[in-house]
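*Asks:* data34.cif (mmCIF, C-alpha atoms) pasted underneath:
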data_structure
#
loop_
_atom_site.label_atom_id
_atom_site.label_comp_id
_atom_site.auth_asym_id
_atom_site.auth_seq_id
_atom_site.Cartn_x
_atom_site.Cartn_y
_atom_site.Cartn_z
CA MET A 25 8.30 -10.13 6.04
CA LYS A 26 8.29 -8.43 2.67
CA LYS A 27 11.75 -6.96 3.19
CA GLN A 28 12.15 -5.40 -0.24
CA LEU A 29 8.94 -3.37 0.17
CA VAL A 30 9.80 -2.30 3.71
CA ILE A 31 13.34 -1.33 2.75
CA SER A 32 12.24 0.62 -0.30
CA ILE A 33 9.68 2.59 1.66
CA ILE A 34 12.07 3.25 4.56
CA VAL A 35 14.75 4.59 2.28
CA CYS A 36 12.49 6.82 0.23
CA SER A 37 10.60 8.13 3.21
CA LEU A 38 13.55 9.79 4.96
CA VAL A 39 11.40 9.99 8.04
CA LEU A 40 10.42 7.84 10.94
CA LEU A 41 6.66 7.94 11.18
CA THR A 42 4.76 7.82 14.39
CA ALA A 43 2.60 4.87 13.40
CA CYS A 44 3.46 1.46 14.74
CA GLY A 45 3.22 -1.93 13.08
CA GLU A 46 5.25 -3.85 10.59
CA GLN A 47 4.83 -5.45 7.18
CA LYS A 48 4.17 -9.16 7.67
CA GLU A 49 3.52 -12.16 5.48
CA THR A 50 -0.15 -11.61 6.29
CA ASN A 51 0.00 -8.19 4.59
CA GLU A 52 -0.49 -6.38 7.89
CA PRO A 53 0.21 -2.67 7.39
CA GLY A 54 3.60 -1.43 8.55
CA PRO A 55 4.71 1.91 10.00
CA LEU A 56 5.92 3.20 6.67
CA ASP A 57 3.25 1.76 4.39
CA GLY A 58 1.47 4.10 2.02
CA LEU A 59 4.18 6.72 1.88
CA PHE A 60 4.92 8.22 -1.49
CA ALA A 61 2.42 6.02 -3.28
CA GLY A 62 3.08 6.41 -6.96
CA THR A 63 6.42 8.10 -6.34
CA GLU A 64 8.61 5.96 -8.52
CA LEU A 65 11.15 8.31 -10.02
CA SER A 66 14.42 7.50 -11.72
CA TYR A 67 17.82 8.16 -10.17
CA GLU A 68 18.22 11.20 -12.43
CA GLU A 69 14.91 12.57 -11.16
CA TYR A 70 15.65 11.86 -7.48
CA LYS A 71 19.18 13.30 -7.60
CA PRO A 72 18.28 17.03 -7.77
CA ILE A 73 15.43 16.54 -5.27
CA MET A 74 17.71 14.88 -2.71
CA GLU A 75 20.45 17.44 -3.28
CA HIS A 76 17.93 20.26 -2.78
CA ILE A 77 16.68 18.68 0.47
CA VAL A 78 20.15 18.21 1.95
CA ASP A 79 21.43 21.63 0.80
CA ARG A 80 18.33 23.35 2.18
CA VAL A 81 18.76 21.77 5.61
CA GLN A 82 22.51 22.39 5.71
CA ASN A 83 21.78 26.06 5.03
CA MET A 84 19.61 26.09 8.17
CA ASN A 85 22.86 25.81 10.19
CA ILE A 86 21.58 23.31 12.75
CA ASP A 87 24.33 22.69 15.29
CA ASN A 88 23.13 19.29 16.50
CA PRO A 89 24.04 16.56 13.92
CA LEU A 90 21.39 14.17 15.27
CA LEU A 91 18.65 16.79 15.03
CA GLU A 92 19.90 17.80 11.58
CA LYS A 93 19.39 14.23 10.38
CA TRP A 94 15.78 14.29 11.59
CA VAL A 95 15.26 17.70 9.98
CA ILE A 96 16.50 16.26 6.67
CA ARG A 97 13.96 13.47 7.05
CA ALA A 98 11.16 15.91 7.88
CA VAL A 99 12.00 18.21 4.97
CA GLY A 100 12.38 15.23 2.65
CA ASP A 101 9.05 13.77 3.69
CA GLU A 102 7.21 17.03 3.02
CA ARG A 103 9.05 17.69 -0.24
CA LEU A 104 8.34 14.23 -1.65
CA MET A 105 4.81 13.92 -0.28
CA ASN A 106 3.46 17.41 -0.83
CA LYS A 107 6.04 18.98 -3.14
CA ARG A 108 6.65 21.89 -0.80
CA ASP A 109 9.46 23.04 1.45
CA LEU A 110 8.90 23.34 5.17
CA THR A 111 10.03 26.53 6.83
CA LYS A 112 12.91 26.12 9.26
CA GLU A 113 10.48 26.45 12.18
CA GLU A 114 8.11 23.84 10.74
CA ALA A 115 10.99 21.48 9.98
CA LEU A 116 12.44 21.82 13.46
CA GLU A 117 9.07 21.26 15.11
CA LYS A 118 8.37 18.14 13.07
CA ALA A 119 11.91 16.81 13.50
CA GLU A 120 11.92 17.37 17.26
CA TYR A 121 8.59 15.57 17.59
CA ASN A 122 9.75 12.62 15.43
CA LEU A 123 13.04 12.31 17.31
CA LYS A 124 11.29 12.38 20.68
CA TYR A 125 8.73 9.87 19.43
CA TYR A 126 11.50 7.56 18.21
CA GLU A 127 13.39 7.76 21.51
CA THR A 128 10.20 7.16 23.53
CA PHE A 129 9.19 4.27 21.25
CA MET A 130 12.56 2.58 21.70
CA ALA A 131 12.62 3.18 25.47
CA LEU A 132 9.11 1.72 25.91
CA ALA A 133 9.98 -1.31 23.80
CA GLN A 134 13.06 -2.02 25.89
CA ASN A 135 12.02 -0.95 29.38
CA ILE A 136 8.39 -2.07 29.42
CA TYR A 137 8.32 -4.95 26.93
CA ASP A 138 11.95 -6.10 27.18
CA ILE A 139 12.48 -5.89 23.42
CA SER A 140 15.91 -5.01 22.09
CA ILE A 141 18.11 -5.79 19.14
CA SER A 142 21.83 -6.58 19.34
CA GLU A 143 24.29 -4.80 17.08
CA GLU A 144 25.09 -8.17 15.48
CA GLU A 145 21.41 -8.89 14.75
CA LEU A 146 20.97 -5.46 13.23
CA ASP A 147 24.08 -5.72 11.06
CA ALA A 148 22.97 -9.13 9.80
CA TRP A 149 19.47 -7.81 9.01
CA ILE A 150 20.90 -4.85 7.09
CA GLU A 151 23.34 -7.09 5.21
CA GLU A 152 20.56 -9.48 4.22
CA GLY A 153 18.10 -6.73 3.32
CA PRO A 154 19.08 -3.13 2.48
CA ASP A 155 22.60 -4.06 1.38
CA GLN A 156 21.18 -6.46 -1.20
CA SER A 157 19.29 -3.84 -3.19
CA GLU A 158 19.99 -0.43 -4.61
CA PHE A 159 16.98 1.79 -5.17
CA PRO A 160 17.18 5.02 -7.19
CA GLN A 161 16.10 7.19 -4.25
CA GLN A 162 18.54 5.40 -1.94
CA LYS A 163 21.47 6.03 -4.27
CA ALA A 164 20.51 9.69 -4.75
CA TYR A 165 20.00 10.12 -1.00
CA ALA A 166 23.41 8.63 -0.16
CA GLU A 167 25.16 10.78 -2.74
CA ALA A 168 23.42 13.95 -1.54
CA LEU A 169 24.70 13.17 1.97
CA ASP A 170 28.17 12.36 0.57
CA LEU A 171 27.90 8.80 1.88
CA THR A 172 28.41 5.38 0.37
CA LEU A 173 25.39 3.08 0.35
CA ALA A 174 27.04 1.01 3.10
CA GLU A 175 27.49 4.12 5.25
CA LEU A 176 23.88 5.13 4.61
CA ASN A 177 22.57 1.70 5.60
CA HIS A 178 24.87 0.81 8.47
CA GLU A 179 25.33 4.23 10.03
CA TYR A 180 23.03 7.04 8.92
CA ASP A 181 19.75 5.12 8.65
CA ARG A 182 20.68 2.47 11.22
CA ASP A 183 18.12 3.85 13.68
CA LEU A 184 15.27 3.39 11.19
CA TYR A 185 16.24 -0.20 10.54
CA GLU A 186 16.59 -0.87 14.25
CA GLN A 187 13.08 0.45 14.89
CA THR A 188 11.75 -1.76 12.10
CA MET A 189 13.35 -4.83 13.72
CA VAL A 190 12.13 -3.85 17.19
CA MET A 191 8.61 -3.47 15.84
CA GLU A 192 8.75 -6.96 14.32
CA LYS A 193 9.40 -8.42 17.77
CA LEU A 194 7.17 -5.97 19.61
CA GLN A 195 4.14 -6.66 17.44
CA LEU A 196 3.99 -10.28 18.63
CA VAL A 197 4.24 -9.23 22.28
CA LEU A 198 1.62 -6.51 21.90
CA HIS A 199 -0.98 -8.83 20.38
CA GLU A 200 -0.74 -10.87 23.57
CA GLU A 201 -0.44 -7.86 25.87
CA TYR A 202 -3.52 -6.16 24.43
CA ASP A 203 -5.34 -9.48 23.96
CA THR A 204 -6.36 -8.72 20.40
CA PRO A 205 -5.45 -10.06 16.95
CA ASP A 206 -6.42 -6.70 15.42
CA VAL A 207 -3.30 -5.10 13.94
CA GLU A 208 -4.79 -1.64 13.76
CA GLU A 209 -5.90 -1.74 17.37
CA VAL A 210 -2.43 -2.86 18.43
CA ARG A 211 -0.82 -0.06 16.45
CA ASP A 212 -3.22 2.57 17.78
CA ARG A 213 -2.87 1.48 21.39
CA PHE A 214 0.91 1.40 21.28
CA HIS A 215 0.95 4.80 19.57
CA GLU A 216 -1.19 6.08 22.44
CA GLU A 217 1.25 4.56 24.94
CA VAL A 218 4.14 6.34 23.29
CA GLU A 219 2.36 9.68 23.13
CA ASN A 220 1.31 9.42 26.78
CA GLN A 221 4.95 8.88 27.75
CA MET A 222 5.96 11.93 25.73
CA LYS A 223 3.73 14.28 27.76
#
What does the file become when written as structure tokens?

*Replies:*
Amino acid sequence: MKKQLVISIIVCSLVLLTACGEQKETNEPGPLDGLFAGTELSYEEYKPIMEHIVDRVQNMNIDNPLLEKWVIRAVGDERLMNKRDLTKEEALEKAEYNLKYYETFMALAQNIYDISISEEELDAWIEEGPDQSEFPQQKAYAEALDLTLAELNHEYDRDLYEQTMVMEKLQLVLHEEYDTPDVEEVRDRFHEEVENQMK
């Protein structure tokens, strides 16, 4: 797996996308591929952007810390992708959908396909990947949240890394389950499974 690319995109995205798939040695597209193409800013450029994102969401006074995290990701995604701020209503709607999608994704992976990741596996993956690199957006993001990079990786964004690991294992199972080598078909069909469960 091209860990550096996956890690960089995960950190700068601030959002868990609804697409499925994972970056592989075969250059198969992953769930976070294509985000912020051409967005390679310096730390000094990311710092005010990340501070604005976090301050804006904190001013929304969201009582649920878990939902607030997903709102930060939603607002960050829109700000970096489209250079605009979501309204509170838009941010909440997008965050609630992404959180529900994530929870449904993880439940399907575990309950239907028996895919799970131990805490030890996840810690080792983070230590070998995200902990080994410091990207400008990652540093600015951590500082805006008043976190160390270790806290960002091992606590705040742990769910994103766990989903990435689950997808690595799940992809292999789904190719067999769906009886197709086509990565896009696998991604689309699993996405449909998740959305059907969300109804």

*Asks:* Determine the residue set returned by the PyMOL selection byres ((chain A and resi 98) around 10) for the present structure, and present it as a count of residues only.

*Replies:* 28

*Asks:* Could you tell me which residues the PyMOL selection byres ((chain A and resi 128) around 12) grabs in this file, written as number ranges by chain?

*Replies:* A: 42, 121-127, 129-136, 187, 214-223

*Asks:* So, with all atoms listed in the file as the atoms that count, which of A:Asn85, A:Gln161, A:Thr172, A:Gln156 lies closest to Tyr67 of chain A?

*Replies:* A:Gln161

*Asks:* With distances taken over all atoms listed in the file, which residue among A:Glu69, A:Leu196, A:Glu75, A:Lys107 lies nearest Tyr165 of chain A?

*Replies:*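 Residue with the minimum atom-to-atom distance to Tyr165 of chain A: A:Glu75.
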
*Asks:* Quick one: axis-aligned box around all listed atoms of segment 123-133 of chain A, 3 Å on every side, centre and edge lengths in Å to one decimal, written as lines of an AutoDock Vina configuration file.

*Replies:*
center_x = 11.1
center_y = 5.5
center_z = 21.6
size_x = 10.7
size_y = 19.7
size_z = 14.6

*Asks:* Can you work out which one of A:Ala148, A:Leu184, A:Leu173, A:Met191 has the shortest atom-to-atom distance to Pro160 of chain A, counting only C-alpha atoms?

*Replies:*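 Of A:Ala148, A:Leu184, A:Leu173, A:Met191, the one nearest Pro160 of chain A is A:Leu173, counting only C-alpha atoms.
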
*Asks:* Nearest to Met74 of chain A among A:Glu167, A:Glu113, A:Asp87, A:Glu158, with distances taken over only C-alpha atoms: which residue is it?

*Replies:*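 Answer, going by the shortest atom-to-atom distance: A:Glu167.
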
*Asks:* Check the smallest atom-to-atom distance from each of A:Leu146, A:Ile139, A:Leu169, A:Ala164 to Val78 of chain A using only C-alpha atoms, then report the winner.

*Replies:*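 Of A:Leu146, A:Ile139, A:Leu169, A:Ala164, the one nearest Val78 of chain A, counting only C-alpha atoms, is A:Leu169.
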
*Asks:* Counting only C-alpha atoms, which residue out of A:Val210, A:Leu194, A:Ile86, A:Ala168 sits closest to Tyr137 of chain A?

*Replies:*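 So, comparing all the options, the nearest one is A:Leu194.
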
*Asks:* How many Å lie between atom CA of Phe159 of chain A and atom CA of Arg108 of chain A, rounded to one decimal?

*Replies:*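 Value for the atom CA of Phe159 of chain A-atom CA of Arg108 of chain A distance: 23.0 Å.
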
*Asks:* Can you measure atom CA of Ala174 of chain A to atom CA of Gln162 of chain A for me? One decimal in Å is fine.

*Replies:*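 Separation between atom CA of Ala174 of chain A and atom CA of Gln162 of chain A: 10.8 Å.
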
*Asks:* What's the separation between atom CA of Thr111 of chain A and atom CA of Asn83 of chain A, in Å to one decimal place?

*Replies:*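 One can read the atom CA of Thr111 of chain A to atom CA of Asn83 of chain A distance as 11.9 Å.
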
*Asks:* Got a sec: who's within 8 Å of segment 176-180 of chain A, counting only C-alpha atoms, leaving out chain neighbours fewer than 3 positions off, as a count of residues only?

*Replies:* 9
